[in-house]
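Here is the structure we will look at.
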Amino acid sequence: MPSSLPSVERARPLLGTTVAVRVHGLDEKDAHQAINEAFEDIALIHRLMSFQESDSDLSRLNREAADRSIEVHAATFEVLKLAEEMSQLSDGCFDITVAPQLVALGMLPAPDSRREPDPQATWRDVSLEPNHRVRFRRPLWIDLGGIAKGYAVDRAIELLRARSAVQACVNAGGDLRIHGPDSERVLLTTGEFRSDSLPVLEVENAAVASSGSVQPHAADSPSAPHFDGRSRQSVSKAGFVSVLAQHCVTADAVTKVVLALEDQSEPLLRRLGASAHLYDSARGWRHLGV
Amino acid sequence: MRGQFLLIPLASLAIVAPAHATVYLTVEQAQQLLFPGAEFVADNRTITPEQEREIERASGVSVRNRTLNLWRVSTGGWFIVDQVIGRHDNIPYAIGLDADGAVRGIEILEYRESYGGQIREPLWRAQFIGKRNGAPLALKRDIQNISGATLSCRHIADGVKRLLATHAFVIAER
């Protein structure tokens with residue numbers, strides 16, 4: 001470890017998962033203070049972008065943005081902007097307007113909206129306007145479940161850096177980012193145990209996010225199905241992917257694209273400076289991207 | 001940014017100790033984080049069968065343990081240590097309640113499910129120690145992070161619902 005100061009790690013239930021924050025290089029009091037602030041910021045992102053909570057920015061958009069433009073928190077606007085970029089880069093494979101499909105499957109509760117979503121609506125119908133205002137060109141429902149977790153992790157890491165943490169890790173249920181001079185190892189849990197070796201990403205100043213499982217329908221599996229935004233079809237292939245990227249928001253969003261496109265996601269990964277590590281029982285490990 | 005994919009052979013690893021677990025906080029540390037500077041007086045309660053039925057009816061969550069590990073906080077409010085069952089193991093956590101029963105904060109004390117479903121495997125229940133490049137390798141320290149199939153926090157959310165009902169029927173003076 002980079003110093004003789006203690007390592008402090010805590011975990012709270014947030015973002016629909018367990019979020020762990022670990023800090024090295026601060027004295028204990030400062031470490032706890034920094035971790036408190038990180039948790040508070042993650043809780044803010046949760047409140048703003050929750051699909052389930054009726055007073056979140058997201059729920060207000062799903063209720064009202066088809067009728068009039070709605071002002072949202074700067075963080076919500078930033079996530080919508082990042083989601084738009086990801087939709088452009090992935091040619092619509094990543095699409096936050098697939099929420100009606102998730103509702104239909106019972107993965108999300110139906111929002112309290114007077115208008116039914118237009119089945120033709122896509123990410124192109126989410127209009128980002130000046131002064132953090134958002135308007136939907138058609139009635140639609142968005143879900144930020146595929147990107148907000150990574151965004152929250154990035155913000156928490158920036159906050160811990162600003163508090164002078166030498167080494168830090170924020171892990172939101174497997175979507176994580178590591179900051180600092182030391183490399184750390186991240187175990188990839190594919191859902192399949194192999195007794196001969198451990199799949200590991202050894203990373204330094206990088207983010208890792210994973211999606212899928214070789215046992216997608218395991219009892220109590222928290223993983224929601226992923227949708228290809230273009231076909232609106234569930235990505236039902238039993239496969240696992242970990243994406244390594246500089247930012248967790250990129251890694252988080254790109255996992256869904258890689259599960260849908262597999263080898264065809266290579267150009268996107270290269271453009272983003274990211275790599276993907278796919279696993280399925282038949283083919284073993286495959287590696288794409290930089 | 002730097003990153004490299006590795007498959008670490010397990011052959012050289014020997015099992016030495018039981019159950020991998022990450023300990024985040026002691027009870028005392030959690031108390032001071034949730035109620036800084038306060039003093040705590042243990043006030044354990046036993047939930048009666050009648051209270052158990054009321055709690056289950058109000059929260060929709062079953063009461064697995066009738067012993068309530070409760071502390072009265074000198075600055076007002078309550079501190080409870082509870083457990084929920086995760087996939088295979090208990091997850092101990094602490095909750096602070098204001099005097100009126102509102103949640104002040106939640107801290108997970110210990111996490112034993114870092115390896116997700118794989119924890120069932122006897123090998124995974126062990127903390128491995130082996131050799132890598134001639135140096136001792138303590139796996140728990142060597143691999144600090146897990147990415148992949150993880151636990152949802154639904155179990156903890158259910159536990160909190162149960163404790164809020166417990167506050168209403170057992171703790172709050174009526």
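How things are named: the first chain in the structure tokens is A, the next is B, and so on; residues count from 1 in each chain; ligands count from 1 in the order shown.
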| message | Can you tell me, as a PyMOL selection string, which residues in segment 69-231 of chain A count as helix (DSSP H, G or I) by DSSP? | response | chain A and resi 74-89+96-104+123-125+148-162
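If you take only C-alpha atoms and a cut-off of 6 Å, the residues of chain B that reach chain A are Met1, Arg2, Gly3, Gln4, Phe5, Leu6, Leu7, Ile8, Pro9, Leu10, Tyr24, Glu107, Ile108, Ile143, Asn145, Ile146, Ser147, Gly148, Thr150, Ser152 and Cys153 of chain B.
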Tell me which protein, DNA and RNA residues are within 6 Å of segment 27-40 of chain B, counting only C-alpha atoms, leaving out same-chain ones fewer than 3 positions away, and put them as a VMD selection string. chain B and resid 71 to 75
_Give me, as a PyMOL selection string, all polymer residues having an atom no more than 6 Å from segment 87-101 of chain B, counting only C-alpha atoms and skipping those fewer than 6 positions away in the same chain._
chain B and resi 76-81+107-111
Could you dump the residues just selected with C-alpha atoms as a short mmCIF file (atom, residue, chain, number, x, y, z; two decimals), in the first residue's frame?
data_model
loop_
_atom_site.label_atom_id
_atom_site.label_comp_id
_atom_site.auth_asym_id
_atom_site.auth_seq_id
_atom_site.Cartn_x
_atom_site.Cartn_y
_atom_site.Cartn_z
CA GLY B 76 -31.84 10.38 21.20
CA GLY B 77 -32.67 7.53 18.88
CA TRP B 78 -31.88 3.87 18.57
CA PHE B 79 -29.11 1.70 17.20
CA ILE B 80 -29.85 -1.86 16.06
CA VAL B 81 -27.62 -4.64 14.82
CA GLU B 107 -23.86 0.50 7.51
CA ILE B 108 -23.05 -3.03 6.38
CA LEU B 109 -20.74 -4.54 9.01
CA GLU B 110 -19.47 -7.59 7.22
CA TYR B 111 -19.86 -9.14 3.81
#
Closest of A:Ala66, A:Val153, A:Val243, A:Ala251 to Leu140 of chain A, counting only C-alpha atoms, is A:Ala66
Got a sec to tell me which of segment 41-143 of chain A DSSP assigns to strand (DSSP E or B), as a PyMOL selection string?
chain A and resi 70-71+126-129+133-136
Using N, CA and C atoms, can you export the residues from the last selection as a short mmCIF file (atom, residue, chain, number, x, y, z; two decimals), in the first residue's frame?
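Contents of out34.cif, freshly written:
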data_model
loop_
_atom_site.label_atom_id
_atom_site.label_comp_id
_atom_site.auth_asym_id
_atom_site.auth_seq_id
_atom_site.Cartn_x
_atom_site.Cartn_y
_atom_site.Cartn_z
N ILE A 70 -38.92 19.76 -19.13
CA ILE A 70 -38.77 19.62 -17.68
C ILE A 70 -37.33 19.95 -17.32
N GLU A 71 -37.14 20.77 -16.29
CA GLU A 71 -35.78 21.05 -15.83
C GLU A 71 -35.33 19.96 -14.87
N VAL A 126 -35.44 11.81 -27.34
CA VAL A 126 -35.11 12.51 -26.08
C VAL A 126 -34.36 13.78 -26.45
N SER A 127 -34.99 14.93 -26.27
CA SER A 127 -34.40 16.19 -26.69
C SER A 127 -33.77 16.90 -25.50
N LEU A 128 -32.44 17.10 -25.58
CA LEU A 128 -31.72 17.79 -24.50
C LEU A 128 -31.60 19.25 -24.87
N GLU A 129 -32.20 20.11 -24.07
CA GLU A 129 -32.34 21.52 -24.40
C GLU A 129 -31.51 22.38 -23.43
N ARG A 133 -32.83 21.45 -19.47
CA ARG A 133 -34.23 21.09 -19.71
C ARG A 133 -34.29 19.91 -20.69
N VAL A 134 -35.29 19.07 -20.49
CA VAL A 134 -35.42 17.84 -21.28
C VAL A 134 -36.86 17.74 -21.76
N ARG A 135 -37.02 17.35 -23.02
CA ARG A 135 -38.36 17.17 -23.56
C ARG A 135 -38.37 15.88 -24.39
N PHE A 136 -39.47 15.16 -24.33
CA PHE A 136 -39.61 13.96 -25.16
C PHE A 136 -40.45 14.31 -26.39
#
Pairwise distance, atom CA of Ile35 of chain A with atom CA of Thr26 of chain B, equals 16.2 Å
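Interatomic distance, atom CA of Arg124 of chain A against atom CA of Val98 of chain A: 12.3 Å.
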- Separation of atom CA of Ile106 of chain B from atom CA of Val61 of chain B in Å: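 So the answer is 18.3 Å.
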